[in-house]
Amino acid sequence: MPRQILSVGELTIYLQSKLETDPTLQGIWVEGELSNFMRHSSGHMYFTIKDSTARLKCVMFKGHNLRLRFRPTDGMAVMAHGSITIYPKSGEYQLYIDAMEPSGLGSLFLAYEQLKEKLTVEGLFDNSRKRPIPEMPAKVALITSPTGAAVRDMIKVLRRRRTDVDIIIIPAQVQGAGAAESLAKAVRLLGMVGADSAIIGRGGGSIEELWAFNEEVLVREVASAPIPIISAVGHETDFTLTDLAADLRAPTPSAAAELATADGAQFCRHLLQLDSRMTRTLAKRIEQMRREVQRLETSAVLSRPERFLGGRRQEIDQLSVRMGRAMLIALENRKSQFNGAIGRLEALSPLGTLRRGYSICLNQQEQLVRKASEVHRGDAVKVILASGRLTCLVEDVEDAGDAEDI
């Protein structure tokens, strides 16, 4: 028989056609552990699913992985659905995946935990970001389905507590595809409606029905809302990420309406109590002041002012005498000090020296003559006395040599 010779490419295409026409290998579920996970810049995912005995290369294209509700990571146990085929360039068989979920843990729950961890690290759930809910808002916005039972319950409670509060309903889709985007858009409108606070929520349901309130796009909008938000999603046992991001969490929509505003009737009763307390306090204060006035009326100062003034006049007289004496003593001390200073100045004065019989001799240039050698015979000199001056002619000069000046 003639031999049939196939090229590598022909053999690969043949095997590929066999695999892709085998109904067992199309729409198959494979369970294992993720390894070598890589998300390409194109958005496609490439990884390996392995167990203790074998490895299977896998591809999950962007169109399919966009629907994943969790973030795949190495070491995660998963169940993958897809079709077996051969990649011609490498000749390796691989699994083209169209759906995948965690093995042993629901994909929704895993997605919830992963997003919760991410936003917690970012600080979106910190208590320091929470704002107080106004007790007496003029306008409250309700973000919910306009046809659901939750909106009717909230309106009923708000009207019972406050007949004067304005209620504005911002309709939104609360479940199904596109619900998270619809709710996020409604939150963004809060800055335009002039409300003081808002309630976002819906009635109870399954985790799938409430899932829109766990979507990242909505959680971020609630965390950055321009006004305080109360979250009321489902029943008391339901807990969503929107509850964590909101300023206050209520177990039910009706409870949220209770928290959104103070009870008007109770508020009025509180005002009446305050008015009564204020009246009693004022009356007590007036009585205290009246007794104080009575005490002052009977005091010595007001009942017998002449005695009070007489005593004060006597004290003034005594102080005046003491002040006069003190001033005289001070003046005598200053006078004595002044006379002493004059005596010291007089002793040092050149005029005082002249009065004691001394004189001052000046040459023709009006300069002081201290030694006989500073003048010559025939020079004219002036002599200053204690009283008057003399002009003298030097007839003789006797030089004392190095003798000390007199």
# chains A, B, ... in the order shown; residues from 1 in each chain; ligands from 1
call {"tool": "residues_around", "arguments": {"residues": "Arg39 in chain A", "least_positions_apart": "6", "cutoff": "10 Å", "atoms": "only C-alpha atoms", "output": "ChimeraX atom specification"}}
result
/A:45-47,60-62,72
call {"tool": "residues_around", "arguments": {"residues": "Leu210 in chain A", "least_positions_apart": "3", "cutoff": "12 Å", "atoms": "only C-alpha atoms", "output": "compact mmCIF listing (two decimals) with C-alpha atoms, in the first residue's frame"}}
result
# COMPACT_ATOMS: atom_id res chain seq x y z
CA LEU A 108 -19.95 36.36 43.88
CA TYR A 112 -17.27 40.62 47.27
CA GLN A 173 -32.72 50.34 38.33
CA VAL A 174 -31.99 48.24 41.42
CA GLN A 175 -31.19 44.81 39.97
CA GLY A 176 -30.08 43.15 36.77
CA ALA A 177 -27.64 44.20 34.07
CA ALA A 179 -28.33 48.42 37.65
CA ALA A 180 -25.03 49.52 39.21
CA GLY A 201 -31.71 51.10 48.84
CA ARG A 202 -34.26 48.49 47.97
CA GLY A 203 -36.10 45.57 49.49
CA GLY A 204 -34.61 42.17 50.21
CA GLY A 205 -33.52 39.55 47.71
CA SER A 206 -30.87 37.00 46.81
CA ILE A 207 -27.22 37.89 46.55
CA PHE A 213 -24.96 47.37 45.46
CA ASN A 214 -21.60 45.52 45.55
CA GLU A 215 -20.35 46.91 42.24
CA ALA A 232 -30.77 50.52 53.25
CA VAL A 233 -30.29 47.45 51.06
CA GLY A 234 -32.42 44.39 51.64
CA HIS A 235 -33.22 43.13 55.13
CA ASP A 238 -28.13 41.56 54.11
CA PHE A 239 -24.87 43.49 54.06
CA THR A 240 -23.44 45.10 50.93
CA LEU A 241 -20.35 47.18 50.15
CA THR A 242 -22.63 50.16 49.62
CA ASP A 243 -23.58 49.82 53.30
call {"tool": "residues_around", "arguments": {"residues": "Glu20 in chain A", "least_positions_apart": "5", "cutoff": "8 Å", "atoms": "only C-alpha atoms", "output": "ChimeraX atom specification"}}
result
/A:25-26,83-85
call {"tool": "residues_around", "arguments": {"residues": "Gly27 in chain A", "least_positions_apart": "2", "cutoff": "12 Å", "atoms": "only C-alpha atoms", "output": "mmCIF file with N, CA and C atoms, in the first residue's frame"}}
result
data_model
loop_
_atom_site.group_PDB
_atom_site.id
_atom_site.type_symbol
_atom_site.label_atom_id
_atom_site.label_comp_id
_atom_site.auth_asym_id
_atom_site.auth_seq_id
_atom_site.Cartn_x
_atom_site.Cartn_y
_atom_site.Cartn_z
ATOM 1 N N LEU A 19 -10.376 17.097 17.491
ATOM 2 C CA LEU A 19 -10.705 17.587 18.830
ATOM 3 C C LEU A 19 -11.939 18.484 18.813
ATOM 4 N N GLU A 20 -12.025 19.359 17.818
ATOM 5 C CA GLU A 20 -13.107 20.341 17.792
ATOM 6 C C GLU A 20 -14.440 19.732 17.376
ATOM 7 N N THR A 21 -14.422 18.503 16.859
ATOM 8 C CA THR A 21 -15.682 17.825 16.507
ATOM 9 C C THR A 21 -16.066 16.763 17.522
ATOM 10 N N ASP A 22 -15.237 16.577 18.539
ATOM 11 C CA ASP A 22 -15.549 15.603 19.584
ATOM 12 C C ASP A 22 -16.483 16.280 20.589
ATOM 13 N N PRO A 23 -17.745 15.839 20.694
ATOM 14 C CA PRO A 23 -18.699 16.496 21.596
ATOM 15 C C PRO A 23 -18.268 16.429 23.061
ATOM 16 N N THR A 24 -17.463 15.437 23.420
ATOM 17 C CA THR A 24 -17.024 15.329 24.807
ATOM 18 C C THR A 24 -16.081 16.476 25.181
ATOM 19 N N LEU A 25 -15.301 16.915 24.178
ATOM 20 C CA LEU A 25 -14.295 17.932 24.454
ATOM 21 C C LEU A 25 -14.790 19.345 24.203
ATOM 22 N N TRP A 29 -16.103 20.904 31.441
ATOM 23 C CA TRP A 29 -15.668 21.542 32.692
ATOM 24 C C TRP A 29 -14.371 20.886 33.154
ATOM 25 N N VAL A 30 -13.410 21.712 33.536
ATOM 26 C CA VAL A 30 -12.131 21.221 34.032
ATOM 27 C C VAL A 30 -11.858 21.905 35.373
ATOM 28 N N ALA A 80 -13.286 25.592 35.289
ATOM 29 C CA ALA A 80 -13.314 26.329 34.025
ATOM 30 C C ALA A 80 -14.130 25.566 32.998
ATOM 31 N N HIS A 81 -14.923 26.317 32.232
ATOM 32 C CA HIS A 81 -15.757 25.728 31.179
ATOM 33 C C HIS A 81 -15.261 26.236 29.831
ATOM 34 N N GLY A 82 -15.134 25.296 28.874
ATOM 35 C CA GLY A 82 -14.696 25.726 27.557
ATOM 36 C C GLY A 82 -14.546 24.561 26.606
ATOM 37 N N SER A 83 -13.708 24.752 25.584
ATOM 38 C CA SER A 83 -13.529 23.747 24.528
ATOM 39 C C SER A 83 -12.044 23.458 24.334
ATOM 40 N N ILE A 84 -11.726 22.183 24.079
ATOM 41 C CA ILE A 84 -10.351 21.773 23.828
ATOM 42 C C ILE A 84 -10.041 21.954 22.348
ATOM 43 N N THR A 85 -8.890 22.545 22.070
ATOM 44 C CA THR A 85 -8.429 22.692 20.694
ATOM 45 C C THR A 85 -6.908 22.661 20.695
ATOM 46 N N LEU A 95 -7.121 24.728 26.434
ATOM 47 C CA LEU A 95 -8.534 24.916 26.714
ATOM 48 C C LEU A 95 -8.897 26.385 26.485
ATOM 49 N N TYR A 96 -9.827 26.627 25.559
ATOM 50 C CA TYR A 96 -10.375 27.970 25.362
ATOM 51 C C TYR A 96 -11.551 28.121 26.323
ATOM 52 N N ILE A 97 -11.384 28.995 27.322
ATOM 53 C CA ILE A 97 -12.359 29.102 28.412
ATOM 54 C C ILE A 97 -13.364 30.211 28.098
ATOM 55 N N ASP A 98 -14.659 29.902 28.327
ATOM 56 C CA ASP A 98 -15.694 30.933 28.173
ATOM 57 C C ASP A 98 -16.371 31.275 29.495
ATOM 58 N N ALA A 99 -16.111 30.495 30.555
ATOM 59 C CA ALA A 99 -16.678 30.787 31.879
ATOM 60 C C ALA A 99 -15.780 30.149 32.929
#
call {"tool": "atom_distance", "arguments": {"atom1": "CA of Leu183 in chain A", "atom2": "CA of Leu218 in chain A"}}
result
6.6 Å
call {"tool": "select_by_dssp", "arguments": {"residues": "range 172-385 of chain A", "states": "strand (DSSP E or B)", "output": "compact mmCIF listing (two decimals) with N, CA and C atoms, in the first residue's frame"}}
result
# COMPACT_ATOMS: atom_id res chain seq x y z
N SER A 197 -29.93 65.31 52.62
CA SER A 197 -29.45 63.95 52.83
C SER A 197 -30.19 63.04 51.86
N ALA A 198 -29.74 61.77 51.78
CA ALA A 198 -30.33 60.84 50.82
C ALA A 198 -30.38 59.44 51.40
N ILE A 199 -31.30 58.65 50.88
CA ILE A 199 -31.39 57.22 51.20
C ILE A 199 -31.26 56.46 49.89
N ILE A 200 -30.38 55.45 49.87
CA ILE A 200 -30.26 54.58 48.71
C ILE A 200 -30.55 53.16 49.17
N GLY A 201 -31.40 52.46 48.42
CA GLY A 201 -31.71 51.10 48.84
C GLY A 201 -32.82 50.45 48.06
N ARG A 202 -33.19 49.30 48.56
CA ARG A 202 -34.26 48.49 47.97
C ARG A 202 -34.65 47.42 48.98
N ILE A 229 -25.33 60.06 53.03
CA ILE A 229 -26.18 59.01 52.47
C ILE A 229 -26.41 57.93 53.51
N ILE A 230 -27.67 57.50 53.60
CA ILE A 230 -28.04 56.34 54.40
C ILE A 230 -28.27 55.18 53.45
N SER A 231 -27.62 54.05 53.70
CA SER A 231 -27.79 52.87 52.85
C SER A 231 -28.78 51.92 53.52
N ALA A 232 -29.75 51.45 52.73
CA ALA A 232 -30.77 50.52 53.25
C ALA A 232 -31.05 49.49 52.18
N VAL A 233 -30.21 48.46 52.12
CA VAL A 233 -30.29 47.45 51.06
C VAL A 233 -30.77 46.14 51.66
N LEU A 248 -24.16 56.11 56.87
CA LEU A 248 -24.92 55.38 57.90
C LEU A 248 -25.60 54.20 57.24
N ARG A 249 -25.63 53.08 57.93
CA ARG A 249 -26.30 51.89 57.40
C ARG A 249 -27.57 51.61 58.20
N ILE A 360 45.63 133.83 89.73
CA ILE A 360 45.91 133.11 88.49
C ILE A 360 46.65 134.06 87.59
N CYS A 361 47.78 133.58 86.99
CA CYS A 361 48.61 134.40 86.13
C CYS A 361 48.48 133.93 84.69
N LEU A 362 48.23 134.91 83.77
CA LEU A 362 48.07 134.61 82.35
C LEU A 362 49.10 135.38 81.58
N LEU A 368 47.56 130.15 80.68
CA LEU A 368 47.91 130.00 82.08
C LEU A 368 49.41 129.83 82.24
N ALA A 380 54.69 141.41 79.76
CA ALA A 380 53.49 141.86 80.48
C ALA A 380 52.64 140.63 80.80
N VAL A 381 52.14 140.51 82.00
CA VAL A 381 51.28 139.40 82.41
C VAL A 381 50.04 139.95 83.09
N LYS A 382 48.99 139.15 83.11
CA LYS A 382 47.75 139.52 83.78
C LYS A 382 47.58 138.63 84.99
N VAL A 383 47.16 139.22 86.08
CA VAL A 383 46.96 138.47 87.32
C VAL A 383 45.49 138.59 87.71
N ILE A 384 44.81 137.42 87.83
CA ILE A 384 43.40 137.39 88.21
C ILE A 384 43.31 137.14 89.70
call {"tool": "closest_residue", "arguments": {"among": "A:Arg291, A:Arg304, A:Arg69, A:Arg220", "to": "Gly123 in chain A", "atoms": "only C-alpha atoms"}}
result
A:Arg220
call {"tool": "closest_residue", "arguments": {"among": "A:Gly194, A:Gly340, A:Gly178, A:Pro102", "to": "Ala138 in chain A", "atoms": "only C-alpha atoms"}}
result
A:Gly194
call {"tool": "select_by_dssp", "arguments": {"residues": "range 241-311 of chain A", "states": "helix (DSSP H, G or I)", "output": "JSON list (two decimals) with C-alpha atoms, in the first residue's frame"}}
result
[["chain", "number", "residue", "atom", "x", "y", "z"],
["A", 241, "LEU", "CA", -20.35, 47.18, 50.15],
["A", 242, "THR", "CA", -22.63, 50.16, 49.62],
["A", 243, "ASP", "CA", -23.58, 49.82, 53.30],
["A", 244, "LEU", "CA", -19.90, 50.11, 54.24],
["A", 245, "ALA", "CA", -19.29, 53.15, 52.02],
["A", 253, "PRO", "CA", -35.63, 50.98, 54.04],
["A", 254, "SER", "CA", -38.25, 51.78, 56.69],
["A", 255, "ALA", "CA", -35.53, 52.02, 59.35],
["A", 256, "ALA", "CA", -33.57, 54.32, 57.04],
["A", 257, "ALA", "CA", -36.55, 56.67, 56.85],
["A", 258, "GLU", "CA", -36.71, 56.66, 60.66],
["A", 259, "LEU", "CA", -33.03, 57.66, 60.79],
["A", 260, "ALA", "CA", -33.31, 60.28, 58.03],
["A", 264, "GLY", "CA", -41.71, 66.03, 64.31],
["A", 265, "ALA", "CA", -44.14, 65.37, 67.17],
["A", 266, "GLN", "CA", -41.34, 64.30, 69.46],
["A", 267, "PHE", "CA", -39.36, 67.36, 68.42],
["A", 268, "CYS", "CA", -42.30, 69.60, 69.35],
["A", 269, "ARG", "CA", -42.61, 67.88, 72.72],
["A", 270, "HIS", "CA", -38.90, 68.44, 73.26],
["A", 271, "LEU", "CA", -39.32, 72.13, 72.43],
["A", 272, "LEU", "CA", -42.16, 72.39, 74.96],
["A", 273, "GLN", "CA", -39.95, 70.75, 77.58],
["A", 274, "LEU", "CA", -37.16, 73.20, 76.83],
["A", 275, "ASP", "CA", -39.59, 76.11, 77.04],
["A", 276, "SER", "CA", -40.82, 74.89, 80.43],
["A", 277, "ARG", "CA", -37.27, 74.45, 81.72],
["A", 278, "MET", "CA", -36.31, 77.91, 80.47],
["A", 279, "THR", "CA", -39.35, 79.47, 82.17],
["A", 280, "ARG", "CA", -38.50, 77.80, 85.48],
["A", 281, "THR", "CA", -34.85, 78.81, 85.21],
["A", 282, "LEU", "CA", -35.75, 82.44, 84.48],
["A", 283, "ALA", "CA", -38.25, 82.54, 87.37],
["A", 284, "LYS", "CA", -35.63, 81.14, 89.73],
["A", 285, "ARG", "CA", -33.07, 83.66, 88.54],
["A", 286, "ILE", "CA", -35.50, 86.57, 88.93],
["A", 287, "GLU", "CA", -36.30, 85.45, 92.49],
["A", 288, "GLN", "CA", -32.60, 85.31, 93.32],
["A", 289, "MET", "CA", -32.11, 88.82, 91.96],
["A", 290, "ARG", "CA", -35.15, 90.10, 93.91],
["A", 291, "ARG", "CA", -33.70, 88.75, 97.16],
["A", 292, "GLU", "CA", -30.37, 90.35, 96.35],
["A", 293, "VAL", "CA", -32.06, 93.74, 95.78],
["A", 294, "GLN", "CA", -33.86, 93.40, 99.13],
["A", 295, "ARG", "CA", -30.58, 92.62, 100.84],
["A", 296, "LEU", "CA", -28.97, 95.68, 99.31],
["A", 297, "GLU", "CA", -31.90, 97.87, 100.33],
["A", 300, "ALA", "CA", -25.84, 100.03, 105.86],
["A", 301, "VAL", "CA", -24.57, 101.69, 102.75],
["A", 302, "LEU", "CA", -28.03, 102.34, 101.32],
["A", 303, "SER", "CA", -30.06, 102.67, 104.53],
["A", 305, "PRO", "CA", -25.33, 106.45, 103.69],
["A", 306, "GLU", "CA", -24.29, 109.45, 105.93],
["A", 307, "ARG", "CA", -22.50, 107.08, 108.34],
["A", 308, "PHE", "CA", -20.74, 105.36, 105.51],
["A", 309, "LEU", "CA", -19.71, 108.69, 103.95],
["A", 310, "GLY", "CA", -18.66, 110.14, 107.34],
["A", 311, "GLY", "CA", -16.27, 107.28, 107.91]]
call {"tool": "closest_residue", "arguments": {"among": "A:Val140, A:Ile49, A:Ile329, A:Leu110", "to": "Leu34 in chain A", "atoms": "only C-alpha atoms"}}
result
A:Ile49
call {"tool": "atom_distance", "arguments": {"atom1": "CA of Ala225 in chain A", "atom2": "CA of Gly191 in chain A"}}
result
7.9 Å
call {"tool": "closest_residue", "arguments": {"among": "A:Ile168, A:Ser145, A:Gly343, A:Phe109", "to": "Glu208 in chain A", "atoms": "only C-alpha atoms"}}
result
A:Phe109
call {"tool": "closest_residue", "arguments": {"among": "A:Pro350, A:Gln94, A:Gln114, A:Ser182", "to": "Leu385 in chain A", "atoms": "only C-alpha atoms"}}
result
A:Pro350
call {"tool": "decode", "arguments": {"residues": "range 323-338 of chain A", "atoms": "N, CA and C atoms", "output": "PDB file, in the first residue's frame"}}
result
ATOM      1  N   MET A 323      -0.095 112.281 104.102  1.00  0.00           N
ATOM      2  CA  MET A 323       0.536 112.636 102.838  1.00  0.00           C
ATOM      3  C   MET A 323       1.329 113.938 102.978  1.00  0.00           C
ATOM      4  N   GLY A 324       0.761 114.961 103.739  1.00  0.00           N
ATOM      5  CA  GLY A 324       1.471 116.225 103.950  1.00  0.00           C
ATOM      6  C   GLY A 324       2.777 116.022 104.684  1.00  0.00           C
ATOM      7  N   ARG A 325       2.722 115.211 105.763  1.00  0.00           N
ATOM      8  CA  ARG A 325       3.938 114.931 106.515  1.00  0.00           C
ATOM      9  C   ARG A 325       4.992 114.238 105.642  1.00  0.00           C
ATOM     10  N   ALA A 326       4.532 113.294 104.881  1.00  0.00           N
ATOM     11  CA  ALA A 326       5.466 112.559 104.019  1.00  0.00           C
ATOM     12  C   ALA A 326       6.108 113.487 103.008  1.00  0.00           C
ATOM     13  N   MET A 327       5.352 114.438 102.479  1.00  0.00           N
ATOM     14  CA  MET A 327       5.907 115.377 101.506  1.00  0.00           C
ATOM     15  C   MET A 327       6.943 116.295 102.145  1.00  0.00           C
ATOM     16  N   LEU A 328       6.686 116.799 103.386  1.00  0.00           N
ATOM     17  CA  LEU A 328       7.646 117.664 104.077  1.00  0.00           C
ATOM     18  C   LEU A 328       8.956 116.930 104.346  1.00  0.00           C
ATOM     19  N   ILE A 329       8.844 115.695 104.810  1.00  0.00           N
ATOM     20  CA  ILE A 329      10.045 114.902 105.075  1.00  0.00           C
ATOM     21  C   ILE A 329      10.845 114.694 103.791  1.00  0.00           C
ATOM     22  N   ALA A 330      10.117 114.425 102.710  1.00  0.00           N
ATOM     23  CA  ALA A 330      10.800 114.209 101.433  1.00  0.00           C
ATOM     24  C   ALA A 330      11.497 115.478 100.968  1.00  0.00           C
ATOM     25  N   LEU A 331      10.847 116.647 101.154  1.00  0.00           N
ATOM     26  CA  LEU A 331      11.457 117.911 100.742  1.00  0.00           C
ATOM     27  C   LEU A 331      12.701 118.230 101.560  1.00  0.00           C
ATOM     28  N   GLU A 332      12.649 117.976 102.884  1.00  0.00           N
ATOM     29  CA  GLU A 332      13.809 118.215 103.741  1.00  0.00           C
ATOM     30  C   GLU A 332      14.982 117.339 103.313  1.00  0.00           C
ATOM     31  N   ASN A 333      14.680 116.101 102.992  1.00  0.00           N
ATOM     32  CA  ASN A 333      15.745 115.202 102.541  1.00  0.00           C
ATOM     33  C   ASN A 333      16.366 115.690 101.239  1.00  0.00           C
ATOM     34  N   ARG A 334      15.534 116.129 100.331  1.00  0.00           N
ATOM     35  CA  ARG A 334      16.046 116.630  99.053  1.00  0.00           C
ATOM     36  C   ARG A 334      16.863 117.915  99.267  1.00  0.00           C
ATOM     37  N   LYS A 335      16.410 118.807 100.214  1.00  0.00           N
ATOM     38  CA  LYS A 335      17.120 120.064 100.490  1.00  0.00           C
ATOM     39  C   LYS A 335      18.496 119.784 101.065  1.00  0.00           C
ATOM     40  N   SER A 336      18.556 118.820 101.972  1.00  0.00           N
ATOM     41  CA  SER A 336      19.838 118.468 102.590  1.00  0.00           C
ATOM     42  C   SER A 336      20.795 117.908 101.542  1.00  0.00           C
ATOM     43  N   GLN A 337      20.280 117.073 100.669  1.00  0.00           N
ATOM     44  CA  GLN A 337      21.107 116.527  99.616  1.00  0.00           C
ATOM     45  C   GLN A 337      21.605 117.626  98.683  1.00  0.00           C
ATOM     46  N   PHE A 338      20.738 118.595  98.380  1.00  0.00           N
ATOM     47  CA  PHE A 338      21.098 119.691  97.493  1.00  0.00           C
ATOM     48  C   PHE A 338      22.199 120.559  98.115  1.00  0.00           C
TER      49      PHE A 338
END
